[in-house]
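Scroll down for the structure; my scribbles are underneath it.
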Amino acid sequence: MQKKIFRTITPQIRYQYDISYRSKVMFIGSCFTENIGKRMTELKFDTLINPFGILYNPISVERALQYIAGEAEFTENDLIFHNELWHSMHHHGEFSRTQPQDSLNFINSNLKHAALFLKQADFLFLTFGSAWVYVYKKTQEIVANCHKIPNTEFDLRMLDPDQILIEYFQLIKLLNTINPKLKIIFTISPVRHLSNGQTGNFFSKSVLAVAIQQLLSMYADEQLFYFPAYEIMMDDLRDYRFFASDMIHPSEDAVNYVFDYFQNTFFSNETTEISSEIEKIVKACSHRPFNTDTESYASFKKTVSEKLKTISERYPNLNFELEKSYFNVV
């Protein structure tokens with residue numbers, strides 16, 4: 001008798017392009033992008049994550065990429081002062097400072113680094129969180145963050161799929177110009193935005209899905225892709241035990257599951273094997289032995305050091321400074 005499966009498993013997909021330890025990968029978008037991006041960074045991939053901070057709506061993501069591609073420079077005129085802090089309406093609150101120049105220095109240094117990285121990147125992951133946007137009444141601009149400014153100073157709107165389509169059609173043309181090899185992967189964050197209710201969240205995610213599908217249908221040159229993070233969470237892991245205590249964000253188990261799917265989608269067997277070895281080395285650094293004078297610890301340290309030397313020689317571009325320091329590897 002065939003074993004019954006009590007869930008809808010997301011079929012594994014593969015793309016013809018592999019992410020390797022020679023790839024440069026940029027992540028921009030919602031907090032779920034940071035979960036995957038940070039896993040990649042921990043595994044020593046060459047990554048850049050959210051140079052404007054966490055961004056939720058696709059227009060703010062698009063604006064950030066426009067600024068990066070255009071190598072723009074922010075000035076004090078681009079900041080506002082509220083609650084004793086200087087803010088950029090295009091950035092997350094992590095860029096806010098008590099002095100305007102401190103904020104600008106942080107913004108522009110990140111922007112400059114991102115501009116160089118984007119020109120060399122192999123993959124760009126864009127995660128959309130919500131189609132709901134806040135429009136700042138004073139400037140009529142869609143903002144990335146309200147910075148706790150009173151709601152009365154904003155209009156709340158839902159984006160139209162055509163609006164997203166038009167903005168990204170122009171953006172992709174620009175990105176093609178500055179980096180023709182760039183592969184762009186869209187994904188929808190499974191994190192639910194319930195400030196506008198469950199129905200509002202459902203419609204919002206639907207708008208994002210329609211816009212992405214239309215974009216994908218416009219490009220038959222295998223430049224654009226879609227990664228089903230939302231579908232994995234909502235269909236495959238359709239159970240509240242895969243959510244954090246707030247019942248909104250994915251749990252650590254869920255993030256691990258999605259990242260395993262991500263690896264199987266983008267990693268070759270060789271990259272998977274190397275990342276597994278690197279993960280062991282990174283975890284070894286968190287190992288705190290009770291006694292460092294034992295033969296077993298000396299053997300453990302020697303084994304890890306040899307693996308570290310081998311991988312460092314094979315991939316000299318990877319940063320193992322912390323691990324080499326911990327194990328006294330020259």
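By convention in this document, the chains of the structure tokens carry letters A, B, ... by their order, each chain's residues are numbered from 1, and ligands are numbered from 1 in the order they are shown.
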- Give the strand (DSSP E) residues of segment 46-95 of chain A, as assigned by DSSP on the backbone, as number ranges by chain. A: 46-49, 79-82, 85-88
- Query: Got a sec: who's within 7 Å of segment 53-61 of chain A, counting only C-alpha atoms, leaving out chain neighbours fewer than 2 positions off, as a PyMOL selection string?
  - Reply: chain A and resi 28-31+50-51+63-65+90-92+94+128-133+143-144+164
- When DSSP works through the backbone of this structure, what residues of segment 197-328 of chain A end up as alpha helix (DSSP H), shown as a PyMOL selection string? chain A and resi 197-218+229-231+252-266+269-284+295-314+321-327
- Spatial neighbours of segment 242-250 of chain A, 9 Å, only C-alpha atoms, chain gap at least 5 places, as a ChimeraX atom specification: /A:32,190-194,233,237,255
Residues just named, written with C-alpha atoms as a tab-separated table (two decimals), in the first residue's frame:
chain	number	residue	atom	x	y	z
A	32	PHE	CA	12.63	37.14	5.20
A	190	PRO	CA	5.63	34.48	3.82
A	191	VAL	CA	5.53	36.93	6.73
A	192	ARG	CA	1.94	38.14	7.00
A	193	HIS	CA	1.25	41.87	7.33
A	194	LEU	CA	-1.91	41.95	9.44
A	233	MET	CA	5.42	28.33	4.03
A	237	LEU	CA	4.46	23.96	6.05
A	255	VAL	CA	13.59	28.99	7.98
Would you kindly return, as a tab-separated table (two decimals) with N, CA and C atoms, in the first residue's frame, each protein, DNA or RNA residue with an atom no farther than 8 Å from any atom of Glu277 of chain A, considering only C-alpha atoms and excluding same-chain residues fewer than 4 positions away?
chain	number	residue	atom	x	y	z
A	273	GLU	N	28.66	20.37	-0.64
A	273	GLU	CA	29.70	19.69	0.15
A	273	GLU	C	30.61	20.71	0.83
A	281	ILE	N	33.21	24.14	10.36
A	281	ILE	CA	34.30	25.00	10.85
A	281	ILE	C	33.73	26.17	11.66
A	307	LYS	N	41.33	21.40	7.80
A	307	LYS	CA	40.21	21.68	6.89
A	307	LYS	C	40.16	23.16	6.53
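Nearest-residue note for Gln213 of chain A: choosing from A:Leu182, A:Gln170, A:Lys3, A:Asp162, the minimum distance belongs to A:Asp162, counting only C-alpha atoms.
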